[in-house]
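Below is one structure, written out as structure tokens; the observations come after it.
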Amino acid sequence: MKPIKVGLLGLGTVGTGVVRIVEGHQADLLSQTGSPIEIASILVQDKSKNRNISVSPDKLTENPWDIVENPEIDVVVEVMGGIELSKELMLACLEKGKHIVTANKDLMALHGPEILAKAAEKGCDVFYEASVAGGIPIIRTLIEGFSSDRITKIMGIVNGTTNYILTKMSQEGAAYADVLKEAQQLGYAESDPTSDVEGFDAARKMTILGTLGFHANVALGDVEVKGISNVTKEDITYGKRLGYEVKLLGIAERQDDHISISVQPTMVKKSHPLASVNGVFNAVYVYGEAVGETMFYGPGAGEMPTATSVVADLVAVVRNMNLGINGRRGFKPYKEKKLKTDEQIASKNFILLHVADKAGVLAQITQVFAQYDVSLESVLQHPNASNPNAEIIIITHDASKASINKVLKQFESLDVVHEIKSVYRVEG
Ligand SMILES: NC(=O)C1=CN([C@@H]2O[C@H](COP(=O)(O)OP(=O)(O)OC[C@H]3O[C@@H](n4cnc5c(N)ncnc54)[C@H](OP(=O)(O)O)[C@@H]3O)[C@@H](O)[C@H]2O)C=CC1
Ligand SMILES: N[C@@H](CC=O)C(=O)O
């Protein structure tokens, strides 16, 4: 039986897991696809590097074109990361009729439409299950499992590093900087953790989920992004007191064909299933008009979980090859993208203010909310022993983002408001 030959771009964390699964599960993969799968050639930066997996040295190359130009290679698995070189190689592979599997969220979020268009033109598959939420098969779920429904909301904890940091701050009172260091040592964070903590990694993943969920070409620039670097222990403590956990959520919403997508630290009601997703775990909550609430939970990063998704994509490509249907089942957005305005984006809000500690202040504050028609769910006021401010914590009912912005602007001009300490969206 002729084996399907695979070129692997990258033998780092994920690439190593791919080799382990392809070699270790060979009999199962053969039974499921009807073809032996052979990793024929592997691209690395440095062939002399010590690796924690043994591969034949003849298979390693430092020249990517050895793989692109090799006519025997049917499928290329891209797990090297980066954008420009990966894109160039992927387009060149597609030009030569090679199918692609990738875990590269940065590339798919920025250049997904161009790559998928080239794949369709060439009758090739491009699958990217591992690019969002590592081991959770959320991409296939959105494309196939929910093809019958109309999704109105996707909320995801899609970055393991930030969830690990927030969990440790909440459960152990740990300091942000200490836990970030720990997450780096554990290998969860990107080499430059800015993309984790400032929400960019989650934004790329939400670009992909929003496109798939709403059938419209969401661009990275459509995602409003705020990371966790300004989340304080004080916010977490107040949140807990009021029954919330702070989580970095990707939130994609659709109403009457208008969509909004954001990544932001959010106060999540403890009774909501996302509030109990802890540590490096990821979860994606999907609400469909017909199905109602669903949630998908699992490891969001790491060698074997991520490789599980990569190799599942490989199996799908090989099955399509055997049926001669590659490139025929690609995802094509068919809806025009219409973004919500700030008047159309609505949510509950948590607002923590430092105000003058004197009579009548609360009335002044609530008057501002009333002026912009924002009704309040709860108001907590107490003096702060450590400084001359009193603290006021407000939870609003659903209010438009435009109204909340006006309220906050007005607070800036009020003498009695010394500082707007924190503002969070509230879910649940
Ligand atoms: N790690 C994870 O948990 C997850 C990762 N991903 C994505 O998977 C991809 C791979 O991640 P990961 O395995 O962690 O990355 P690593 O940094 O661990 O591995 C990258 C591999 O690619 C090789 N490589 C990188 N650049 C080049 C280059 N210019 N030329 C030749 N070889 C190159 C490296 O070679 P060498 O070994 O010689 O240095 C290394 O083997 C990324 O897109 C990442 O975002 C997605 C989900 C989860
Ligand atoms: N740094 C990422 C790794 C996987 O995508 C994360 O923390 O989720």
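So you can find residues: chains in the structure tokens are A, B, ... in the order shown, residues in each start at 1, and ligands are numbered from 1 in order.
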
Residues contacting ligand 1 - anything with an atom at most 7 Å away, using only C-alpha atoms and all ligand atoms - can you give me those as a JSON list (two decimals) with C-alpha atoms, in the first residue's frame?
```json
[["chain", "number", "residue", "atom", "x", "y", "z"],
["A", 9, "LEU", "CA", 7.72, 22.14, 9.11],
["A", 10, "GLY", "CA", 8.97, 22.37, 12.72],
["A", 11, "LEU", "CA", 10.00, 19.88, 15.38],
["A", 12, "GLY", "CA", 9.44, 21.93, 18.52],
["A", 13, "THR", "CA", 6.74, 21.39, 21.14],
["A", 14, "VAL", "CA", 3.91, 20.62, 18.71],
["A", 15, "GLY", "CA", 6.00, 18.98, 15.97],
["A", 43, "LEU", "CA", 12.28, 21.16, 8.69],
["A", 44, "VAL", "CA", 14.22, 22.55, 11.66],
["A", 45, "GLN", "CA", 16.35, 25.61, 12.21],
["A", 46, "ASP", "CA", 19.26, 23.72, 13.66],
["A", 47, "LYS", "CA", 19.87, 20.06, 12.83],
["A", 49, "LYS", "CA", 20.18, 20.70, 18.36],
["A", 62, "GLU", "CA", 17.31, 23.15, 7.39],
["A", 64, "PRO", "CA", 12.32, 24.49, 3.65],
["A", 79, "VAL", "CA", 4.09, 23.78, 13.12],
["A", 80, "MET", "CA", 7.00, 26.20, 12.97],
["A", 81, "GLY", "CA", 5.05, 29.40, 13.73],
["A", 82, "GLY", "CA", 5.79, 32.91, 12.49],
["A", 85, "LEU", "CA", 8.05, 32.60, 5.92],
["A", 103, "ALA", "CA", -1.53, 25.14, 14.11],
["A", 104, "ASN", "CA", -0.61, 28.72, 13.24],
["A", 105, "LYS", "CA", -3.29, 31.07, 14.61],
["A", 106, "ASP", "CA", -1.23, 34.19, 13.88],
["A", 130, "ALA", "CA", -5.04, 23.23, 16.49],
["A", 131, "SER", "CA", -4.88, 26.98, 15.94],
["A", 132, "VAL", "CA", -7.63, 27.67, 18.48],
["A", 133, "ALA", "CA", -7.86, 26.12, 21.94],
["A", 134, "GLY", "CA", -5.19, 23.44, 21.29],
["A", 188, "TYR", "CA", 2.56, 28.01, 28.58],
["A", 300, "GLY", "CA", -5.66, 24.73, 25.34],
["A", 301, "ALA", "CA", -1.97, 24.24, 24.78],
["A", 302, "GLY", "CA", 0.91, 21.81, 25.16],
["A", 303, "GLU", "CA", 2.61, 19.11, 23.11],
["A", 306, "THR", "CA", -2.19, 20.33, 20.34]]
```

DSSP says alpha helix (DSSP H) for which residues of region 228-376 of chain A? Put them as a ChimeraX atom specification? /A:233-241,303-323,361-371

Residue with the minimum atom-to-atom distance to ligand 2, picked from A:Lys5, A:Arg204, A:Ile143, A:Lys153 with only C-alpha atoms and all ligand atoms counted, is A:Arg204

Skip Asn349 (chain A) itself and residues of its chain fewer than 3 positions away, then list as a PyMOL selection string all residues within 10 Å of it, counting only C-alpha atoms. chain A and resi 266-267+346+352+376-377+394-401+404+423-427

Rank nothing, just name the residue among A:Ile4, A:Val55, A:Ala390, A:Ala252 nearest to Leu29 (chain A), using only C-alpha atoms.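 For Leu29 (chain A), the nearest of the candidates is A:Ile4.
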
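By only C-alpha atoms, and with residues fewer than 5 positions from Glu129 (chain A) along its chain excluded, the set lying at most 7 Å from it is Ala103, Pro137, Ile139, Arg140, Ser309, Val310 and Asp313 of chain A.
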
Quick one: everything within 10 Å of Gly112 (chain A), counting only C-alpha atoms, minus sequence neighbours fewer than 2 positions away in the same chain. Send it as a list in words. Lys87, Lys105, Asp106, Leu107, Met108, Ala109, Leu110, Glu114, Ile115, Leu116, Ala117, Lys118, Val126, Tyr128, Thr207, Ile208, Asn217 and Ala219 of chain A

Please run DSSP on the backbone and report, as an NGL selection string, all residues within region 98-164 of chain A that come out as strand (DSSP E). :A and (99-102 or 126-127 or 151-157)

Can you spit out the residues from that selection as a short mmCIF file (atom, residue, chain, number, x, y, z; two decimals), in the first residue's frame, using N, CA and C atoms?
```cif
data_model
loop_
_atom_site.label_atom_id
_atom_site.label_comp_id
_atom_site.auth_asym_id
_atom_site.auth_seq_id
_atom_site.Cartn_x
_atom_site.Cartn_y
_atom_site.Cartn_z
N HIS A 99 -1.48 19.46 0.26
CA HIS A 99 -2.46 19.85 1.27
C HIS A 99 -1.72 20.35 2.51
N ILE A 100 -2.43 21.17 3.29
CA ILE A 100 -1.77 21.80 4.45
C ILE A 100 -2.56 21.52 5.72
N VAL A 101 -1.81 21.23 6.79
CA VAL A 101 -2.38 21.24 8.15
C VAL A 101 -1.52 22.22 8.94
N THR A 102 -2.15 23.11 9.69
CA THR A 102 -1.36 24.09 10.44
C THR A 102 -1.96 24.36 11.82
N VAL A 126 -6.88 22.90 3.45
CA VAL A 126 -6.09 23.58 4.49
C VAL A 126 -6.91 23.44 5.77
N PHE A 127 -6.38 22.67 6.72
CA PHE A 127 -7.09 22.48 7.99
C PHE A 127 -6.25 23.08 9.13
N ILE A 151 -25.62 30.76 15.17
CA ILE A 151 -24.93 31.07 16.42
C ILE A 151 -25.07 32.56 16.72
N THR A 152 -25.41 32.87 17.97
CA THR A 152 -25.54 34.29 18.34
C THR A 152 -24.44 34.74 19.31
N LYS A 153 -23.79 33.78 19.96
CA LYS A 153 -22.75 34.21 20.91
C LYS A 153 -21.68 33.14 21.06
N ILE A 154 -20.43 33.57 21.03
CA ILE A 154 -19.30 32.68 21.33
C ILE A 154 -18.48 33.39 22.40
N MET A 155 -18.27 32.71 23.53
CA MET A 155 -17.38 33.31 24.55
C MET A 155 -16.30 32.28 24.85
N GLY A 156 -15.05 32.73 24.79
CA GLY A 156 -14.00 31.76 24.99
C GLY A 156 -12.93 32.20 25.96
N ILE A 157 -12.52 31.24 26.79
CA ILE A 157 -11.24 31.38 27.50
C ILE A 157 -10.28 30.65 26.57
#
```

Pick from A:Asn405, A:Thr211, A:Asn159, A:Asn278: nearest to ligand 2, with only C-alpha atoms and all ligand atoms counted?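 Closest to ligand 2 of all the choices is A:Asn159.
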
I need the residue nearest ligand 2 from this list: A:Leu186, A:Val19, A:Ile37, A:Ile53. Use only C-alpha atoms and all ligand atoms for the distance.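 Among the listed residues, A:Leu186 lies closest to ligand 2.
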
Long-range neighbours of Lys98 (chain A) as a PyMOL selection string, 10 Å cut-off, only C-alpha atoms, 5 positions minimum in chain: chain A and resi 6-7+68+71-76+90-93+119+122-126

Create the file for the chosen residues now, containing C-alpha atoms and written as an mmCIF file, in the first residue's frame.
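Everything below was put into result-v9.cif:
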```cif
data_model
loop_
_atom_site.group_PDB
_atom_site.id
_atom_site.type_symbol
_atom_site.label_atom_id
_atom_site.label_comp_id
_atom_site.auth_asym_id
_atom_site.auth_seq_id
_atom_site.Cartn_x
_atom_site.Cartn_y
_atom_site.Cartn_z
ATOM 1 C CA VAL A 6 4.097 14.099 5.065
ATOM 2 C CA GLY A 7 6.538 17.015 5.267
ATOM 3 C CA VAL A 68 8.168 22.328 -0.870
ATOM 4 C CA PRO A 71 7.164 15.813 -5.473
ATOM 5 C CA GLU A 72 6.684 12.766 -3.238
ATOM 6 C CA ILE A 73 5.292 14.840 -0.358
ATOM 7 C CA ASP A 74 1.480 14.951 -0.403
ATOM 8 C CA VAL A 75 0.724 16.852 2.804
ATOM 9 C CA VAL A 76 2.673 19.566 4.654
ATOM 10 C CA MET A 90 2.240 27.483 2.496
ATOM 11 C CA LEU A 91 1.307 29.328 -0.684
ATOM 12 C CA ALA A 92 4.179 27.620 -2.530
ATOM 13 C CA CYS A 93 3.032 24.198 -1.267
ATOM 14 C CA ALA A 119 -6.389 26.198 -1.522
ATOM 15 C CA LYS A 122 -5.814 24.446 -6.351
ATOM 16 C CA GLY A 123 -8.287 21.833 -5.034
ATOM 17 C CA CYS A 124 -6.312 21.453 -1.803
ATOM 18 C CA ASP A 125 -7.286 21.099 1.840
ATOM 19 C CA VAL A 126 -6.088 23.580 4.490
#
```

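Nearest residue to ligand 2 among A:Ser56, A:Asn163, A:Asn63, A:Ser31 is A:Asn163, counting only C-alpha atoms and all ligand atoms.
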